[in-house]
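Peer 1: Have a look at the structure that comes next, please.
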Amino acid sequence: MAFVRTATALWFAGSVLGLSSSASAQDSTVLFRNVRIFDGKTASLSAPSSVLVRNKTIEKISTGDIAATSQVIDAGGRVLMPGLIDAHWHAMLVRPTPMAAMAGDVGYNNLLAAAEATATLMRGFTTVRDMGGPTFGLKQAIDENLVAGPRIYPSGAIITITGGHGDFRQLSDLPRTIGGMLSRMERIGGSMVADSPDEVRVRAREQLMQGASQVKLTAGGGVASPFSPLDVSTFTEPELRAAVEAADNWGTYVATHAYTPVAIQRSVAAGVRCIEHGHLMDEASARLMAEKGIWLSTQPFLDLAGAAALGPAEQDKMRQVVTGTDRVYTLAKKYKIKTAFGTDVLLSKALADRQGAMLAALTRWYTPAEALTMATSTNAELLSLSGPRNPYPGRLGVVEEGALADLLLVDGNPLDNIRLVEDPAKNLVVIMKDGRIYKNLLAH
């Protein structure tokens with residue numbers, strides 16, 4: 001793992017050094033003049049304002065004049081808002097085919113992920129919570145400015161059981177020998193098989209050792225895994241609790257992939273703090289989550305887009321999930337569950353290009369202001385659950401004095417027309433992350 005992480009950073013250095021150098025060379029202060037601010041929380045825009053960014057943070061916001069700095073952006077009344085956050089992303093699994101992801105060259109797959117990371121940032125998503133995959137090297141390269149990409153909150157390898165969601169081995173790999181050779185998917189850090197509390201504890205600690213900000217387990221069946229029926233419950237409560245104890249000892253939390261009531265309720269009983277998906281939940285599960293303050297990180301799956309790479313059985317499972325989308329959002333609203341926005345894009349660059357469109361799709365259930373708040377300040381609140389394992393201390397998802405300077409300048413008002421985020425190439429005229437400008441269509 002350490003070799004892959006180091007080598008990955010070196011590979012990235014040669015591929016995008018020009019872009020990184022350009023971003024690094026900019027002045028340390030930037031003044032946005034004449035902006036209307038969506039602060040990530042308020043359902044209306046501010047009066048015309050100026051925003052001063054110094055180094056990595058927002059230093060001052062004023063409706064009066066701020067003394068000019070070496071770099072001034074006259075926004076012409078455009079809307080300044082926080083960078084978007086995707087709470088369920090798989091940076092290493094967006095572009096490869098299923099075969100390439102499991103059996104392809106590791107170096108090529110990392111370079112492919114680097115290209116997608118830059119594209120993700122250029123869509124206005126300045127932060128992602130990565131919910132499974134070997135992203136530690138990619139995160140390091142981005143943090144060291146070798147690659148332009150979003151902040152990554154990594155989970156590391158998905159932890160699963162034999163035959164569970166995330167077990168992509170072949171039947172010829174069976175029987176599994178406890179303590180024997182690792183499979184290919186385990187060697188590259190994609191997912192790890194654990195069939196007892198002790199194994200779960202080891203695998204969770206390994207991810208934390210590598211820098212995971214949260215730990216991800218699959219508590220029930222999933223769509224993409226060939227040997228994992230959607231209705232099955234996988235880990236036992238003691239196994240889930242072993243991961244929770246390991247994460248708690250590191251000051252962070254466990255999130256579980258869970259669609260069904262049994263998987264959700266067992267996760268909650270074990271101390272899991274965030275449920276991923278939940279599309280097949282029932283009233284009792286929703287009520288329990290609300291009572292216990294459990295987060296729901298779910299996705300507006302509305303069709304079979306992106307399912308072409310899957311087999312017939314997996315496509316049928318996807319249909320079941322899509323059928324539950326309206327129910328999960330309806331229950332989340334009814335019980336006031338703390339809800340995060342994510343996309344869970346897999347194996348499809350074309351679907352990743354629609355990341356903003358998936359955010360806009362939330363308006364089936366929420367106002368544009370509510371949807372944008374979910375993808376900014378609410379998602380940032382979820383990220384803060386990682387406590388001392390937070391790789392980016394500071395306030396994200398808001399435009400406030402003292403907050404980290406992840407900012408988008410929008411040509412138009414997304415509170416009136418959220419579909420502006422569907423065309424980021426045209427409508428996002430400035431993209432800033434960590435106080436660095438990565439795109440500026442207003443530059444002379």
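Order determines the names: the first chain of the structure tokens is A, the second B, and so forth; residues in each chain are numbered 1 upward, and ligands are numbered 1 upward as they are shown.
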Could you pull out all residues of segment 231-311 of chain A with a DSSP call of helix (DSSP H, G or I) and give them as a PDB file with all heavy atoms, in the first residue's frame?
Peer 2:
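In the end it all went to out_5.pdb:
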ATOM      1  N   GLU A 237     -24.301  -8.148  13.990  1.00  0.00           N
ATOM      2  CA  GLU A 237     -24.163  -6.968  14.847  1.00  0.00           C
ATOM      3  C   GLU A 237     -22.812  -6.922  15.555  1.00  0.00           C
ATOM      4  O   GLU A 237     -22.183  -5.852  15.599  1.00  0.00           O
ATOM      5  CB  GLU A 237     -25.312  -6.916  15.855  1.00  0.00           C
ATOM      6  CG  GLU A 237     -25.342  -5.617  16.646  1.00  0.00           C
ATOM      7  CD  GLU A 237     -26.541  -5.528  17.580  1.00  0.00           C
ATOM      8  OE1 GLU A 237     -27.638  -5.979  17.200  1.00  0.00           O
ATOM      9  OE2 GLU A 237     -26.359  -5.001  18.698  1.00  0.00           O
ATOM     10  N   PRO A 238     -22.302  -8.048  16.112  1.00  0.00           N
ATOM     11  CA  PRO A 238     -20.966  -7.989  16.723  1.00  0.00           C
ATOM     12  C   PRO A 238     -19.876  -7.605  15.725  1.00  0.00           C
ATOM     13  O   PRO A 238     -18.916  -6.910  16.099  1.00  0.00           O
ATOM     14  CB  PRO A 238     -20.756  -9.409  17.265  1.00  0.00           C
ATOM     15  CG  PRO A 238     -22.136  -9.926  17.505  1.00  0.00           C
ATOM     16  CD  PRO A 238     -22.965  -9.348  16.382  1.00  0.00           C
ATOM     17  N   GLU A 239     -20.001  -8.034  14.472  1.00  0.00           N
ATOM     18  CA  GLU A 239     -19.003  -7.651  13.469  1.00  0.00           C
ATOM     19  C   GLU A 239     -19.061  -6.156  13.186  1.00  0.00           C
ATOM     20  O   GLU A 239     -18.023  -5.482  13.105  1.00  0.00           O
ATOM     21  CB  GLU A 239     -19.228  -8.465  12.195  1.00  0.00           C
ATOM     22  CG  GLU A 239     -18.849  -9.933  12.338  1.00  0.00           C
ATOM     23  CD  GLU A 239     -19.313 -10.790  11.165  1.00  0.00           C
ATOM     24  OE1 GLU A 239     -20.296 -10.405  10.490  1.00  0.00           O
ATOM     25  OE2 GLU A 239     -18.701 -11.858  10.935  1.00  0.00           O
ATOM     26  N   LEU A 240     -20.256  -5.634  13.021  1.00  0.00           N
ATOM     27  CA  LEU A 240     -20.402  -4.189  12.815  1.00  0.00           C
ATOM     28  C   LEU A 240     -19.882  -3.405  14.017  1.00  0.00           C
ATOM     29  O   LEU A 240     -19.205  -2.376  13.868  1.00  0.00           O
ATOM     30  CB  LEU A 240     -21.868  -3.832  12.565  1.00  0.00           C
ATOM     31  CG  LEU A 240     -22.484  -4.310  11.252  1.00  0.00           C
ATOM     32  CD1 LEU A 240     -23.991  -4.108  11.274  1.00  0.00           C
ATOM     33  CD2 LEU A 240     -21.875  -3.592  10.058  1.00  0.00           C
ATOM     34  N   ARG A 241     -20.173  -3.915  15.210  1.00  0.00           N
ATOM     35  CA  ARG A 241     -19.755  -3.212  16.415  1.00  0.00           C
ATOM     36  C   ARG A 241     -18.230  -3.179  16.528  1.00  0.00           C
ATOM     37  O   ARG A 241     -17.656  -2.210  17.052  1.00  0.00           O
ATOM     38  CB  ARG A 241     -20.364  -3.854  17.657  1.00  0.00           C
ATOM     39  CG  ARG A 241     -20.185  -3.011  18.922  1.00  0.00           C
ATOM     40  CD  ARG A 241     -20.898  -3.595  20.124  1.00  0.00           C
ATOM     41  NE  ARG A 241     -22.342  -3.629  19.922  1.00  0.00           N
ATOM     42  CZ  ARG A 241     -23.045  -4.740  19.811  1.00  0.00           C
ATOM     43  NH1 ARG A 241     -22.448  -5.923  19.884  1.00  0.00           N
ATOM     44  NH2 ARG A 241     -24.354  -4.695  19.647  1.00  0.00           N
ATOM     45  N   ALA A 242     -17.554  -4.215  16.039  1.00  0.00           N
ATOM     46  CA  ALA A 242     -16.087  -4.231  16.075  1.00  0.00           C
ATOM     47  C   ALA A 242     -15.518  -3.067  15.270  1.00  0.00           C
ATOM     48  O   ALA A 242     -14.551  -2.411  15.679  1.00  0.00           O
ATOM     49  CB  ALA A 242     -15.562  -5.557  15.538  1.00  0.00           C
ATOM     50  N   ALA A 243     -16.115  -2.788  14.113  1.00  0.00           N
ATOM     51  CA  ALA A 243     -15.665  -1.646  13.297  1.00  0.00           C
ATOM     52  C   ALA A 243     -15.985  -0.329  13.997  1.00  0.00           C
ATOM     53  O   ALA A 243     -15.170   0.610  13.978  1.00  0.00           O
ATOM     54  CB  ALA A 243     -16.325  -1.691  11.930  1.00  0.00           C
ATOM     55  N   VAL A 244     -17.166  -0.246  14.596  1.00  0.00           N
ATOM     56  CA  VAL A 244     -17.555   0.974  15.305  1.00  0.00           C
ATOM     57  C   VAL A 244     -16.586   1.256  16.445  1.00  0.00           C
ATOM     58  O   VAL A 244     -16.160   2.405  16.655  1.00  0.00           O
ATOM     59  CB  VAL A 244     -18.998   0.854  15.826  1.00  0.00           C
ATOM     60  CG1 VAL A 244     -19.331   2.001  16.783  1.00  0.00           C
ATOM     61  CG2 VAL A 244     -19.985   0.843  14.656  1.00  0.00           C
ATOM     62  N   GLU A 245     -16.207   0.214  17.183  1.00  0.00           N
ATOM     63  CA  GLU A 245     -15.269   0.396  18.292  1.00  0.00           C
ATOM     64  C   GLU A 245     -13.905   0.855  17.782  1.00  0.00           C
ATOM     65  O   GLU A 245     -13.274   1.749  18.374  1.00  0.00           O
ATOM     66  CB  GLU A 245     -15.127  -0.904  19.076  1.00  0.00           C
ATOM     67  CG  GLU A 245     -16.377  -1.269  19.869  1.00  0.00           C
ATOM     68  CD  GLU A 245     -16.293  -2.661  20.466  1.00  0.00           C
ATOM     69  OE1 GLU A 245     -15.338  -3.405  20.127  1.00  0.00           O
ATOM     70  OE2 GLU A 245     -17.179  -3.006  21.259  1.00  0.00           O
ATOM     71  N   ALA A 246     -13.445   0.274  16.681  1.00  0.00           N
ATOM     72  CA  ALA A 246     -12.155   0.670  16.115  1.00  0.00           C
ATOM     73  C   ALA A 246     -12.188   2.129  15.667  1.00  0.00           C
ATOM     74  O   ALA A 246     -11.256   2.898  15.942  1.00  0.00           O
ATOM     75  CB  ALA A 246     -11.792  -0.241  14.944  1.00  0.00           C
ATOM     76  N   ALA A 247     -13.259   2.523  14.974  1.00  0.00           N
ATOM     77  CA  ALA A 247     -13.375   3.901  14.510  1.00  0.00           C
ATOM     78  C   ALA A 247     -13.506   4.862  15.686  1.00  0.00           C
ATOM     79  O   ALA A 247     -12.894   5.939  15.696  1.00  0.00           O
ATOM     80  CB  ALA A 247     -14.570   4.041  13.576  1.00  0.00           C
ATOM     81  N   ASP A 248     -14.298   4.480  16.681  1.00  0.00           N
ATOM     82  CA  ASP A 248     -14.493   5.341  17.840  1.00  0.00           C
ATOM     83  C   ASP A 248     -13.179   5.572  18.579  1.00  0.00           C
ATOM     84  O   ASP A 248     -12.908   6.674  19.059  1.00  0.00           O
ATOM     85  CB  ASP A 248     -15.528   4.723  18.776  1.00  0.00           C
ATOM     86  CG  ASP A 248     -15.884   5.634  19.939  1.00  0.00           C
ATOM     87  OD1 ASP A 248     -16.416   6.726  19.684  1.00  0.00           O
ATOM     88  OD2 ASP A 248     -15.603   5.271  21.099  1.00  0.00           O
ATOM     89  N   ASN A 249     -12.350   4.555  18.636  1.00  0.00           N
ATOM     90  CA  ASN A 249     -11.050   4.715  19.284  1.00  0.00           C
ATOM     91  C   ASN A 249     -10.171   5.723  18.557  1.00  0.00           C
ATOM     92  O   ASN A 249      -9.258   6.308  19.156  1.00  0.00           O
ATOM     93  CB  ASN A 249     -10.326   3.368  19.354  1.00  0.00           C
ATOM     94  CG  ASN A 249     -10.929   2.442  20.397  1.00  0.00           C
ATOM     95  OD1 ASN A 249     -11.618   2.880  21.309  1.00  0.00           O
ATOM     96  ND2 ASN A 249     -10.682   1.150  20.265  1.00  0.00           N
ATOM     97  N   PRO A 261     -34.565  -2.560   5.618  1.00  0.00           N
ATOM     98  CA  PRO A 261     -34.806  -2.285   7.034  1.00  0.00           C
ATOM     99  C   PRO A 261     -33.903  -3.076   7.971  1.00  0.00           C
ATOM    100  O   PRO A 261     -33.395  -2.519   8.953  1.00  0.00           O
ATOM    101  CB  PRO A 261     -36.278  -2.663   7.213  1.00  0.00           C
ATOM    102  CG  PRO A 261     -36.895  -2.422   5.868  1.00  0.00           C
ATOM    103  CD  PRO A 261     -35.839  -2.842   4.887  1.00  0.00           C
ATOM    104  N   VAL A 262     -33.684  -4.347   7.688  1.00  0.00           N
ATOM    105  CA  VAL A 262     -32.844  -5.155   8.578  1.00  0.00           C
ATOM    106  C   VAL A 262     -31.417  -4.618   8.603  1.00  0.00           C
ATOM    107  O   VAL A 262     -30.805  -4.466   9.669  1.00  0.00           O
ATOM    108  CB  VAL A 262     -32.857  -6.639   8.157  1.00  0.00           C
ATOM    109  CG1 VAL A 262     -31.832  -7.436   8.967  1.00  0.00           C
ATOM    110  CG2 VAL A 262     -34.249  -7.233   8.336  1.00  0.00           C
ATOM    111  N   ALA A 263     -30.865  -4.334   7.439  1.00  0.00           N
ATOM    112  CA  ALA A 263     -29.488  -3.825   7.373  1.00  0.00           C
ATOM    113  C   ALA A 263     -29.381  -2.471   8.076  1.00  0.00           C
ATOM    114  O   ALA A 263     -28.392  -2.198   8.773  1.00  0.00           O
ATOM    115  CB  ALA A 263     -29.044  -3.710   5.920  1.00  0.00           C
ATOM    116  N   ILE A 264     -30.391  -1.625   7.909  1.00  0.00           N
ATOM    117  CA  ILE A 264     -30.371  -0.319   8.554  1.00  0.00           C
ATOM    118  C   ILE A 264     -30.468  -0.457  10.067  1.00  0.00           C
ATOM    119  O   ILE A 264     -29.679   0.128  10.821  1.00  0.00           O
ATOM    120  CB  ILE A 264     -31.532   0.552   8.020  1.00  0.00           C
ATOM    121  CG1 ILE A 264     -31.306   0.911   6.552  1.00  0.00           C
ATOM    122  CG2 ILE A 264     -31.689   1.817   8.860  1.00  0.00           C
ATOM    123  CD1 ILE A 264     -32.516   1.531   5.871  1.00  0.00           C
ATOM    124  N   GLN A 265     -31.432  -1.224  10.526  1.00  0.00           N
ATOM    125  CA  GLN A 265     -31.661  -1.333  11.965  1.00  0.00           C
ATOM    126  C   GLN A 265     -30.509  -2.031  12.667  1.00  0.00           C
ATOM    127  O   GLN A 265     -30.135  -1.656  13.789  1.00  0.00           O
ATOM    128  CB  GLN A 265     -32.985  -2.055  12.211  1.00  0.00           C
ATOM    129  CG  GLN A 265     -34.192  -1.246  11.748  1.00  0.00           C
ATOM    130  CD  GLN A 265     -35.505  -1.984  11.891  1.00  0.00           C
ATOM    131  OE1 GLN A 265     -35.655  -2.839  12.755  1.00  0.00           O
ATOM    132  NE2 GLN A 265     -36.467  -1.647  11.046  1.00  0.00           N
ATOM    133  N   ARG A 266     -29.911  -3.022  12.040  1.00  0.00           N
ATOM    134  CA  ARG A 266     -28.749  -3.693  12.637  1.00  0.00           C
ATOM    135  C   ARG A 266     -27.570  -2.729  12.715  1.00  0.00           C
ATOM    136  O   ARG A 266     -26.831  -2.726  13.702  1.00  0.00           O
ATOM    137  CB  ARG A 266     -28.378  -4.924  11.816  1.00  0.00           C
ATOM    138  CG  ARG A 266     -27.286  -5.782  12.450  1.00  0.00           C
ATOM    139  CD  ARG A 266     -27.024  -7.028  11.617  1.00  0.00           C
ATOM    140  NE  ARG A 266     -28.191  -7.916  11.600  1.00  0.00           N
ATOM    141  CZ  ARG A 266     -28.278  -8.992  10.839  1.00  0.00           C
ATOM    142  NH1 ARG A 266     -27.300  -9.299   9.998  1.00  0.00           N
ATOM    143  NH2 ARG A 266     -29.360  -9.751  10.893  1.00  0.00           N
ATOM    144  N   SER A 267     -27.402  -1.906  11.700  1.00  0.00           N
ATOM    145  CA  SER A 267     -26.318  -0.920  11.714  1.00  0.00           C
ATOM    146  C   SER A 267     -26.503   0.071  12.856  1.00  0.00           C
ATOM    147  O   SER A 267     -25.551   0.397  13.582  1.00  0.00           O
ATOM    148  CB  SER A 267     -26.280  -0.171  10.378  1.00  0.00           C
ATOM    149  OG  SER A 267     -25.942  -1.034   9.308  1.00  0.00           O
ATOM    150  N   VAL A 268     -27.721   0.567  13.008  1.00  0.00           N
ATOM    151  CA  VAL A 268     -27.997   1.527  14.064  1.00  0.00           C
ATOM    152  C   VAL A 268     -27.750   0.901  15.436  1.00  0.00           C
ATOM    153  O   VAL A 268     -27.152   1.533  16.326  1.00  0.00           O
ATOM    154  CB  VAL A 268     -29.435   2.052  13.957  1.00  0.00           C
ATOM    155  CG1 VAL A 268     -29.784   2.943  15.154  1.00  0.00           C
ATOM    156  CG2 VAL A 268     -29.626   2.825  12.655  1.00  0.00           C
ATOM    157  N   ALA A 269     -28.166  -0.345  15.608  1.00  0.00           N
ATOM    158  CA  ALA A 269     -27.967  -1.035  16.889  1.00  0.00           C
ATOM    159  C   ALA A 269     -26.490  -1.187  17.217  1.00  0.00           C
ATOM    160  O   ALA A 269     -26.097  -1.174  18.393  1.00  0.00           O
ATOM    161  CB  ALA A 269     -28.643  -2.409  16.854  1.00  0.00           C
ATOM    162  N   ALA A 270     -25.655  -1.300  16.179  1.00  0.00           N
ATOM    163  CA  ALA A 270     -24.222  -1.488  16.385  1.00  0.00           C
ATOM    164  C   ALA A 270     -23.474  -0.179  16.613  1.00  0.00           C
ATOM    165  O   ALA A 270     -22.288  -0.205  16.934  1.00  0.00           O
ATOM    166  CB  ALA A 270     -23.620  -2.216  15.195  1.00  0.00           C
ATOM    167  N   GLU A 283     -41.046   2.646   7.334  1.00  0.00           N
ATOM    168  CA  GLU A 283     -41.369   3.679   8.317  1.00  0.00           C
ATOM    169  C   GLU A 283     -40.610   3.462   9.623  1.00  0.00           C
ATOM    170  O   GLU A 283     -40.096   4.413  10.221  1.00  0.00           O
ATOM    171  CB  GLU A 283     -42.878   3.684   8.596  1.00  0.00           C
ATOM    172  CG  GLU A 283     -43.731   4.134   7.431  1.00  0.00           C
ATOM    173  CD  GLU A 283     -44.147   5.602   7.527  1.00  0.00           C
ATOM    174  OE1 GLU A 283     -43.868   6.236   8.558  1.00  0.00           O
ATOM    175  OE2 GLU A 283     -44.755   6.098   6.558  1.00  0.00           O
ATOM    176  N   ALA A 284     -40.553   2.212  10.083  1.00  0.00           N
ATOM    177  CA  ALA A 284     -39.882   1.937  11.358  1.00  0.00           C
ATOM    178  C   ALA A 284     -38.399   2.293  11.296  1.00  0.00           C
ATOM    179  O   ALA A 284     -37.846   2.846  12.257  1.00  0.00           O
ATOM    180  CB  ALA A 284     -40.064   0.470  11.732  1.00  0.00           C
ATOM    181  N   SER A 285     -37.759   2.002  10.177  1.00  0.00           N
ATOM    182  CA  SER A 285     -36.337   2.329  10.022  1.00  0.00           C
ATOM    183  C   SER A 285     -36.133   3.834  10.008  1.00  0.00           C
ATOM    184  O   SER A 285     -35.203   4.359  10.640  1.00  0.00           O
ATOM    185  CB  SER A 285     -35.794   1.720   8.724  1.00  0.00           C
ATOM    186  OG  SER A 285     -36.000   0.337   8.683  1.00  0.00           O
ATOM    187  N   ALA A 286     -36.986   4.538   9.290  1.00  0.00           N
ATOM    188  CA  ALA A 286     -36.874   5.996   9.222  1.00  0.00           C
ATOM    189  C   ALA A 286     -37.086   6.622  10.597  1.00  0.00           C
ATOM    190  O   ALA A 286     -36.352   7.537  11.005  1.00  0.00           O
ATOM    191  CB  ALA A 286     -37.890   6.543   8.231  1.00  0.00           C
ATOM    192  N   ARG A 287     -38.078   6.108  11.322  1.00  0.00           N
ATOM    193  CA  ARG A 287     -38.363   6.642  12.654  1.00  0.00           C
ATOM    194  C   ARG A 287     -37.174   6.400  13.594  1.00  0.00           C
ATOM    195  O   ARG A 287     -36.783   7.285  14.364  1.00  0.00           O
ATOM    196  CB  ARG A 287     -39.619   5.975  13.219  1.00  0.00           C
ATOM    197  CG  ARG A 287     -40.144   6.617  14.495  1.00  0.00           C
ATOM    198  CD  ARG A 287     -41.377   5.903  15.011  1.00  0.00           C
ATOM    199  NE  ARG A 287     -42.422   5.821  14.003  1.00  0.00           N
ATOM    200  CZ  ARG A 287     -42.820   4.694  13.410  1.00  0.00           C
ATOM    201  NH1 ARG A 287     -42.249   3.533  13.746  1.00  0.00           N
ATOM    202  NH2 ARG A 287     -43.781   4.704  12.509  1.00  0.00           N
ATOM    203  N   LEU A 288     -36.584   5.212  13.499  1.00  0.00           N
ATOM    204  CA  LEU A 288     -35.436   4.879  14.332  1.00  0.00           C
ATOM    205  C   LEU A 288     -34.251   5.799  14.037  1.00  0.00           C
ATOM    206  O   LEU A 288     -33.597   6.303  14.955  1.00  0.00           O
ATOM    207  CB  LEU A 288     -35.029   3.423  14.097  1.00  0.00           C
ATOM    208  CG  LEU A 288     -33.777   2.940  14.841  1.00  0.00           C
ATOM    209  CD1 LEU A 288     -34.033   2.911  16.350  1.00  0.00           C
ATOM    210  CD2 LEU A 288     -33.371   1.548  14.338  1.00  0.00           C
ATOM    211  N   MET A 289     -33.981   6.012  12.769  1.00  0.00           N
ATOM    212  CA  MET A 289     -32.871   6.885  12.391  1.00  0.00           C
ATOM    213  C   MET A 289     -33.079   8.300  12.919  1.00  0.00           C
ATOM    214  O   MET A 289     -32.150   8.935  13.425  1.00  0.00           O
ATOM    215  CB  MET A 289     -32.698   6.898  10.878  1.00  0.00           C
ATOM    216  CG  MET A 289     -32.159   5.599  10.294  1.00  0.00           C
ATOM    217  SD  MET A 289     -31.986   5.673   8.495  1.00  0.00           S
ATOM    218  CE  MET A 289     -30.733   6.945   8.304  1.00  0.00           C
ATOM    219  N   ALA A 290     -34.304   8.782  12.805  1.00  0.00           N
ATOM    220  CA  ALA A 290     -34.601  10.128  13.300  1.00  0.00           C
ATOM    221  C   ALA A 290     -34.428  10.216  14.812  1.00  0.00           C
ATOM    222  O   ALA A 290     -33.849  11.181  15.338  1.00  0.00           O
ATOM    223  CB  ALA A 290     -36.019  10.525  12.896  1.00  0.00           C
ATOM    224  N   GLU A 291     -34.924   9.213  15.522  1.00  0.00           N
ATOM    225  CA  GLU A 291     -34.832   9.213  16.983  1.00  0.00           C
ATOM    226  C   GLU A 291     -33.390   9.172  17.465  1.00  0.00           C
ATOM    227  O   GLU A 291     -33.038   9.809  18.465  1.00  0.00           O
ATOM    228  CB  GLU A 291     -35.602   8.012  17.555  1.00  0.00           C
ATOM    229  CG  GLU A 291     -37.116   8.121  17.410  1.00  0.00           C
ATOM    230  CD  GLU A 291     -37.827   6.839  17.795  1.00  0.00           C
ATOM    231  OE1 GLU A 291     -37.124   5.833  18.064  1.00  0.00           O
ATOM    232  OE2 GLU A 291     -39.068   6.835  17.818  1.00  0.00           O
ATOM    233  N   LYS A 292     -32.540   8.429  16.755  1.00  0.00           N
ATOM    234  CA  LYS A 292     -31.148   8.250  17.163  1.00  0.00           C
ATOM    235  C   LYS A 292     -30.211   9.297  16.562  1.00  0.00           C
ATOM    236  O   LYS A 292     -29.014   9.303  16.860  1.00  0.00           O
ATOM    237  CB  LYS A 292     -30.661   6.858  16.751  1.00  0.00           C
ATOM    238  CG  LYS A 292     -31.425   5.708  17.392  1.00  0.00           C
ATOM    239  CD  LYS A 292     -31.180   5.625  18.883  1.00  0.00           C
ATOM    240  CE  LYS A 292     -31.841   4.397  19.486  1.00  0.00           C
ATOM    241  NZ  LYS A 292     -31.606   4.300  20.953  1.00  0.00           N
ATOM    242  N   ALA A 307     -26.230   2.045 -16.023  1.00  0.00           N
ATOM    243  CA  ALA A 307     -26.328   0.617 -15.728  1.00  0.00           C
ATOM    244  C   ALA A 307     -25.916  -0.261 -16.897  1.00  0.00           C
ATOM    245  O   ALA A 307     -25.906  -1.489 -16.783  1.00  0.00           O
ATOM    246  CB  ALA A 307     -27.751   0.270 -15.301  1.00  0.00           C
ATOM    247  N   ALA A 308     -25.568   0.357 -18.017  1.00  0.00           N
ATOM    248  CA  ALA A 308     -25.231  -0.428 -19.202  1.00  0.00           C
ATOM    249  C   ALA A 308     -24.027  -1.325 -18.977  1.00  0.00           C
ATOM    250  O   ALA A 308     -23.897  -2.383 -19.602  1.00  0.00           O
ATOM    251  CB  ALA A 308     -24.970   0.510 -20.381  1.00  0.00           C
ATOM    252  N   ALA A 309     -23.121  -0.910 -18.060  1.00  0.00           N
ATOM    253  CA  ALA A 309     -21.923  -1.710 -17.797  1.00  0.00           C
ATOM    254  C   ALA A 309     -22.224  -2.924 -16.936  1.00  0.00           C
ATOM    255  O   ALA A 309     -21.355  -3.775 -16.741  1.00  0.00           O
ATOM    256  CB  ALA A 309     -20.864  -0.842 -17.123  1.00  0.00           C
TER     257      ALA A 309
END
Peer 1: For Ala425 of chain A, find every residue with an atom within 8 Å (counting only C-alpha atoms), except residues of its own chain fewer than 3 positions away, and show them as a ChimeraX atom specification.
Peer 2: /A:122-123,428-429
Peer 1: Keeping only N, CA, C and O atoms, write the selected residues to a file as a PDB file, in the first residue's frame.
Peer 2:
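Below you can see result-v1.pdb, which holds the result:
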ATOM      1  N   MET A 122     -13.682  20.737 -11.936  1.00  0.00           N
ATOM      2  CA  MET A 122     -14.178  21.671 -12.939  1.00  0.00           C
ATOM      3  C   MET A 122     -15.704  21.651 -13.053  1.00  0.00           C
ATOM      4  O   MET A 122     -16.300  22.534 -13.667  1.00  0.00           O
ATOM      5  N   ARG A 123     -16.345  20.689 -12.463  1.00  0.00           N
ATOM      6  CA  ARG A 123     -17.812  20.689 -12.372  1.00  0.00           C
ATOM      7  C   ARG A 123     -18.285  21.451 -11.136  1.00  0.00           C
ATOM      8  O   ARG A 123     -19.483  21.522 -10.871  1.00  0.00           O
ATOM      9  N   LEU A 428     -20.257  28.256 -14.481  1.00  0.00           N
ATOM     10  CA  LEU A 428     -19.330  28.477 -13.378  1.00  0.00           C
ATOM     11  C   LEU A 428     -18.136  29.249 -13.926  1.00  0.00           C
ATOM     12  O   LEU A 428     -17.234  28.679 -14.539  1.00  0.00           O
ATOM     13  N   VAL A 429     -18.137  30.546 -13.720  1.00  0.00           N
ATOM     14  CA  VAL A 429     -17.118  31.380 -14.372  1.00  0.00           C
ATOM     15  C   VAL A 429     -15.829  31.449 -13.568  1.00  0.00           C
ATOM     16  O   VAL A 429     -14.762  31.720 -14.120  1.00  0.00           O
TER      17      VAL A 429
END
Peer 1: Which residues are near Ala194 of chain A? Cut-off 8 Å, only C-alpha atoms, ignore same chain within fewer than 2 positions. Put them as a ChimeraX atom specification.
Peer 2: /A:159-162,192,196-197,199-200,203
Peer 1: If you count only C-alpha atoms, which residues fall within 9 Å of Leu296 of chain A, apart from same-chain ones fewer than 3 positions away, as a list of chain:residue names?
Peer 2: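 Once the nearby chain positions are removed, what remains is A:Arg273, A:Cys274, A:Ile275, A:Glu276, A:His277, A:Gly278, A:Met289, A:Ala332, A:Ile337, A:Lys338, A:Thr339, A:Ala340, A:Phe341.
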Peer 1: Which residues of segment 27-71 of chain A have any atom within 10 Å of an atom in segment 364-387 of chain A when counting only C-alpha atoms, and what is the closest pair of atoms for each, with the distance in Å to one decimal? Order the rows by chain and rising number and write it as a tab-separated table.
Peer 2:
residue	atom	partner	partner_atom	distance
A:Phe38	CA	A:Ala369	CA	9.0
A:Asp39	CA	A:Ser377	CA	8.7
A:Gly40	CA	A:Thr373	CA	5.1
A:Lys41	CA	A:Thr373	CA	5.6
A:Thr42	CA	A:Ala369	CA	7.7
A:Ala43	CA	A:Ala369	CA	5.3
A:Ser44	CA	A:Ala369	CA	7.9
Peer 1: Given the selection you just returned, output its residues as a file containing N, CA, C and O atoms, formatted as a short mmCIF file (atom, residue, chain, number, x, y, z; two decimals), in the first residue's frame.
Peer 2:
data_model
loop_
_atom_site.label_atom_id
_atom_site.label_comp_id
_atom_site.auth_asym_id
_atom_site.auth_seq_id
_atom_site.Cartn_x
_atom_site.Cartn_y
_atom_site.Cartn_z
N PHE A 38 -24.73 33.58 -1.95
CA PHE A 38 -25.48 32.49 -1.32
C PHE A 38 -24.51 31.85 -0.34
O PHE A 38 -23.50 31.28 -0.73
N ASP A 39 -24.80 31.97 0.95
CA ASP A 39 -23.81 31.59 1.97
C ASP A 39 -23.81 30.11 2.31
O ASP A 39 -23.03 29.66 3.16
N GLY A 40 -24.66 29.31 1.65
CA GLY A 40 -24.72 27.89 1.95
C GLY A 40 -25.78 27.52 2.96
O GLY A 40 -26.02 26.34 3.20
N LYS A 41 -26.44 28.53 3.54
CA LYS A 41 -27.43 28.27 4.58
C LYS A 41 -28.71 29.06 4.42
O LYS A 41 -29.79 28.59 4.78
N THR A 42 -28.60 30.28 3.89
CA THR A 42 -29.74 31.20 3.81
C THR A 42 -30.42 31.08 2.45
O THR A 42 -29.74 31.03 1.43
N ALA A 43 -31.73 31.07 2.45
CA ALA A 43 -32.49 30.85 1.21
C ALA A 43 -32.68 32.12 0.40
O ALA A 43 -33.62 32.25 -0.37
N SER A 44 -31.77 33.08 0.56
CA SER A 44 -31.83 34.30 -0.23
C SER A 44 -30.40 34.81 -0.41
O SER A 44 -29.49 34.40 0.32
#
